[in-house]
Amino acid sequence: MQVPLLDLKAQYQTIRDKCIKVTQEIYESQYFILGPYVEQLEQEIAAYCSTKYAVGVSSGTDALLLSLMAAEIGHGDRVITTPYTFFATAGSISRRGAIPVFVDIEPDTYNISPKEIEAVIAGMSEGERKTLKAIMPVHLYGQCADMDAIKNIADENHLVVIEDAAQAIGSEYKKRRAGSLGDFGCFSFFPSKNLGGFGDGGIVTTNSNDLYEKLKILRVHGGHPKYYHQKIGGNFRLDALQAAIVSIKLAHLDGWTAARQENAKRYKSLFKEAGLSAIVKCPAEKENRHIYNQFIIAVENKRDELKQHLIDNGVGCEIYYPVPLHLQDCFADLGYSPGAFPVSEFAAEHTLALPVYPELADEQIAYVVDQIKIFF
């Protein structure tokens with residue numbers, strides 16, 4: 001049996017006619033960048049995330065970069081974040097000339113640990129504290145970080161909070177949506193995300209009118225009005241085509257999320273029935289709405305061998321992420337060494353993502369669990 005890690009073709013068949021219709025409309029209009037389709041999506045995403053505003057941008061990475069620019073974070077400033085995430089999180093900080101300050105994660109959710117944030121701040125010199133400007137938590141795999149604790153720390157230290165919610169659209173923390181919990185919420189519409197386009201795209205959410213206006217101006221090279229520049233921005237505009245496709249998919253998102261949640265439940269039930277609970281650690285649902293952008297298991301031993309066994313038997317799987325950011329060559333100048341963040345390093349060495357996409361059939365999930373049982 002073949003079980004891909006993700007099957008976007010199956011998803012496309014459910015919305016094909018709408019996609020073809022709207023793309024033809026865009027071709028006829030010749031209005032390809034920003035415009036009414038982007039404005040419509042911005043309104044829809046703001047409503048979905050329970051925020052006042054949303055600004056469509058060119059990618060999830062650019063959503064992070066633009067938010068840092070709007071927060072006026074730059075050379076020599078420090079931003080606390082996690083080393084266990086996709087590269088763009090810390091990469092966007094470094095691109096602003098700022099300094100990523102890594103903090104270890106919680107072992108159950110893989111999200112940044114508020115206790116470790118407090119410990120890192122307490123250990124800073126007076127000079128370092130003066131340059132500390134923001135916290136960038138990541139809602140990893142579709143589950144929100146502990147935002148009340150993080151926001152309290154930020155408020156006490158006068159820090160901006162930029163949510164990296166690239167994998168978490170629709171996830172909730174105490175019944176509040178990702179993207180509404182900090183000063184900025186940054187989302188990705190990369191095709192493999194729960195809500196993906198037909199190429200790159202992203203969006204920034206905020207509840208601040210002042211930040212909203214800054215984001216819009218910085219998105220178009222800092223020009224306002226056109227050709228008049230008081231600020232240096234960038235080209236972060238969202239294509240009309242991507243906005244239109246994402247808008248179509250947004251209407252289906254809650255149904256797809258429910259299917260992912262059911263698939264996660266089935267995995268957990270089958271692992272228990274198969275007697276694998278002591279061997280396979282399933283995701284913890286700490287918050288009330290985990291959207292399962294990925295379904296991550298952890299195994300004590302032979303993760304890489306298990307991955308190869310699954311691939312050899314037709315099961316798609318992936319390691320998110322094999323090298324924590326503090327051990328990446330490009331961040332060597334930050335001075336971290338192996339062992340600095342043991343929970344992140346353990347996760348990098350022992351976790352594996354299994355298929356969880358909405359169209360996954362029950363027999364496919366059962367096959368994946370059977371193959372894991374056969375291996376162990």
# chains A, B, ... in the order shown; residues from 1 in each chain; ligands from 1
$ select_by_dssp --residues "range 16-81 of chain A" --states "alpha helix (DSSP H)" --output "ChimeraX atom specification"
/A:16-29,36-48,60-70
$ residues_around --residues "Gly223 in chain A" --least-positions-apart "4" --cutoff "12 Å" --atoms "only C-alpha atoms" --output "PyMOL selection string"
chain A and resi 213-219+227-235
$ residues_around --residues "range 176-183 of chain A" --least-positions-apart "4" --cutoff "7 Å" --atoms "only C-alpha atoms" --output "list in words"
Cys49, Ser50, Thr51, Cys144, Met147, Val160, Val161, Ile162, Glu163, Ala165, Ala168, Ile169, Gly170, Ser171, Glu172, Thr205 and Thr206 of chain A
$ residues_around --residues "Ile245 in chain A" --least-positions-apart "5" --cutoff "9 Å" --atoms "only C-alpha atoms" --output "MDAnalysis selection string"
chainID A and resid 18:19 22:23 196:198 240 250
$ select_by_dssp --residues "range 14-223 of chain A" --states "strand (DSSP E)" --output "PyMOL selection string"
chain A and resi 53-57+78-81+99-102+132-136+160-164+172-173+176-177+184-188+202-206
$ write_last_selection --atoms "C-alpha atoms" --output "PDB file, in the first residue's frame"
ATOM      1  CA  TYR A  53      -6.436  43.539  10.598  1.00  0.00           C
ATOM      2  CA  ALA A  54      -4.492  41.320   8.220  1.00  0.00           C
ATOM      3  CA  VAL A  55      -1.901  42.221   5.599  1.00  0.00           C
ATOM      4  CA  GLY A  56      -1.207  39.793   2.758  1.00  0.00           C
ATOM      5  CA  VAL A  57       2.474  39.250   1.977  1.00  0.00           C
ATOM      6  CA  ARG A  78      18.084  40.629  20.624  1.00  0.00           C
ATOM      7  CA  VAL A  79      15.052  38.429  19.968  1.00  0.00           C
ATOM      8  CA  ILE A  80      14.262  35.340  22.036  1.00  0.00           C
ATOM      9  CA  THR A  81      13.083  32.330  20.050  1.00  0.00           C
ATOM     10  CA  ILE A  99      20.648  38.453  17.360  1.00  0.00           C
ATOM     11  CA  PRO A 100      18.612  35.280  17.917  1.00  0.00           C
ATOM     12  CA  VAL A 101      18.632  34.250  21.571  1.00  0.00           C
ATOM     13  CA  PHE A 102      17.694  30.592  21.709  1.00  0.00           C
ATOM     14  CA  LEU A 132      16.383  42.615  24.213  1.00  0.00           C
ATOM     15  CA  LYS A 133      13.397  43.739  22.134  1.00  0.00           C
ATOM     16  CA  ALA A 134      11.088  40.806  21.345  1.00  0.00           C
ATOM     17  CA  ILE A 135      10.002  37.209  21.829  1.00  0.00           C
ATOM     18  CA  MET A 136       9.179  35.123  18.768  1.00  0.00           C
ATOM     19  CA  VAL A 160       7.164  42.823  21.423  1.00  0.00           C
ATOM     20  CA  VAL A 161       5.579  39.407  20.771  1.00  0.00           C
ATOM     21  CA  ILE A 162       5.716  38.101  17.198  1.00  0.00           C
ATOM     22  CA  GLU A 163       3.845  34.810  16.804  1.00  0.00           C
ATOM     23  CA  ASP A 164       5.343  32.460  14.227  1.00  0.00           C
ATOM     24  CA  GLU A 172      -6.363  28.018  19.684  1.00  0.00           C
ATOM     25  CA  TYR A 173      -4.963  28.861  23.088  1.00  0.00           C
ATOM     26  CA  ARG A 176      -8.261  32.437  21.425  1.00  0.00           C
ATOM     27  CA  ARG A 177      -6.963  32.027  17.909  1.00  0.00           C
ATOM     28  CA  PHE A 184       1.885  40.279  15.266  1.00  0.00           C
ATOM     29  CA  GLY A 185       0.738  36.905  13.925  1.00  0.00           C
ATOM     30  CA  CYS A 186       2.707  35.490  10.981  1.00  0.00           C
ATOM     31  CA  PHE A 187       1.216  32.825   8.704  1.00  0.00           C
ATOM     32  CA  SER A 188       2.470  30.891   5.688  1.00  0.00           C
ATOM     33  CA  GLY A 202       1.690  34.590   3.665  1.00  0.00           C
ATOM     34  CA  ILE A 203      -0.130  37.067   5.861  1.00  0.00           C
ATOM     35  CA  VAL A 204       0.429  39.147   9.004  1.00  0.00           C
ATOM     36  CA  THR A 205      -2.342  39.728  11.534  1.00  0.00           C
ATOM     37  CA  THR A 206      -2.505  42.451  14.176  1.00  0.00           C
TER      38      THR A 206
END
$ residues_around --residues "Leu327 in chain A" --least-positions-apart "5" --cutoff "7 Å" --atoms "only C-alpha atoms" --output "JSON, numbers by chain"
{"A": [332, 337, 338]}
$ write_last_selection --atoms "C-alpha atoms" --output "compact mmCIF listing (two decimals), in the first residue's frame"
# COMPACT_ATOMS: atom_id res chain seq x y z
CA ALA A 332 28.15 29.15 14.87
CA SER A 337 27.53 24.11 21.47
CA PRO A 338 26.06 20.58 21.51
$ decode --residues "range 213-257 of chain A" --atoms "C-alpha atoms" --output "compact mmCIF listing (two decimals), in the first residue's frame"
# COMPACT_ATOMS: atom_id res chain seq x y z
CA GLU A 213 -0.62 51.06 8.70
CA LYS A 214 3.14 50.48 9.06
CA LEU A 215 2.85 46.96 7.67
CA LYS A 216 0.95 48.17 4.59
CA ILE A 217 3.52 50.89 3.86
CA LEU A 218 6.57 48.69 4.44
CA ARG A 219 5.03 45.99 2.21
CA VAL A 220 5.42 48.29 -0.83
CA HIS A 221 9.00 49.52 -0.38
CA GLY A 222 7.98 51.99 2.33
CA GLY A 223 6.27 54.22 -0.19
CA HIS A 224 3.30 56.35 0.92
CA PRO A 225 1.91 57.84 -1.20
CA LYS A 226 3.34 55.98 -4.18
CA TYR A 227 6.89 57.04 -5.05
CA TYR A 228 7.30 59.00 -1.79
CA HIS A 229 9.41 57.18 0.79
CA GLN A 230 9.86 58.14 4.43
CA LYS A 231 10.82 54.55 5.32
CA ILE A 232 12.79 51.79 3.62
CA GLY A 233 10.54 48.79 3.17
CA GLY A 234 10.61 45.88 0.75
CA ASN A 235 8.69 44.09 -1.95
CA PHE A 236 6.41 41.91 0.17
CA ARG A 237 3.25 42.03 -1.96
CA LEU A 238 0.88 39.07 -2.24
CA ASP A 239 -0.21 37.86 -5.67
CA ALA A 240 -3.91 37.99 -6.49
CA LEU A 241 -3.79 34.38 -7.71
CA GLN A 242 -2.50 33.08 -4.38
CA ALA A 243 -5.05 35.14 -2.45
CA ALA A 244 -7.92 33.81 -4.55
CA ILE A 245 -6.86 30.17 -4.13
CA VAL A 246 -6.34 30.54 -0.38
CA SER A 247 -9.74 32.21 -0.08
CA ILE A 248 -11.38 29.20 -1.76
CA LYS A 249 -9.55 26.81 0.55
CA LEU A 250 -10.37 28.83 3.65
CA ALA A 251 -14.04 27.90 3.30
CA HIS A 252 -13.02 24.22 3.66
CA LEU A 253 -10.39 24.67 6.38
CA ASP A 254 -12.49 23.80 9.43
CA GLY A 255 -13.66 20.58 7.77
CA TRP A 256 -10.11 19.65 6.86
CA THR A 257 -8.94 20.45 10.39
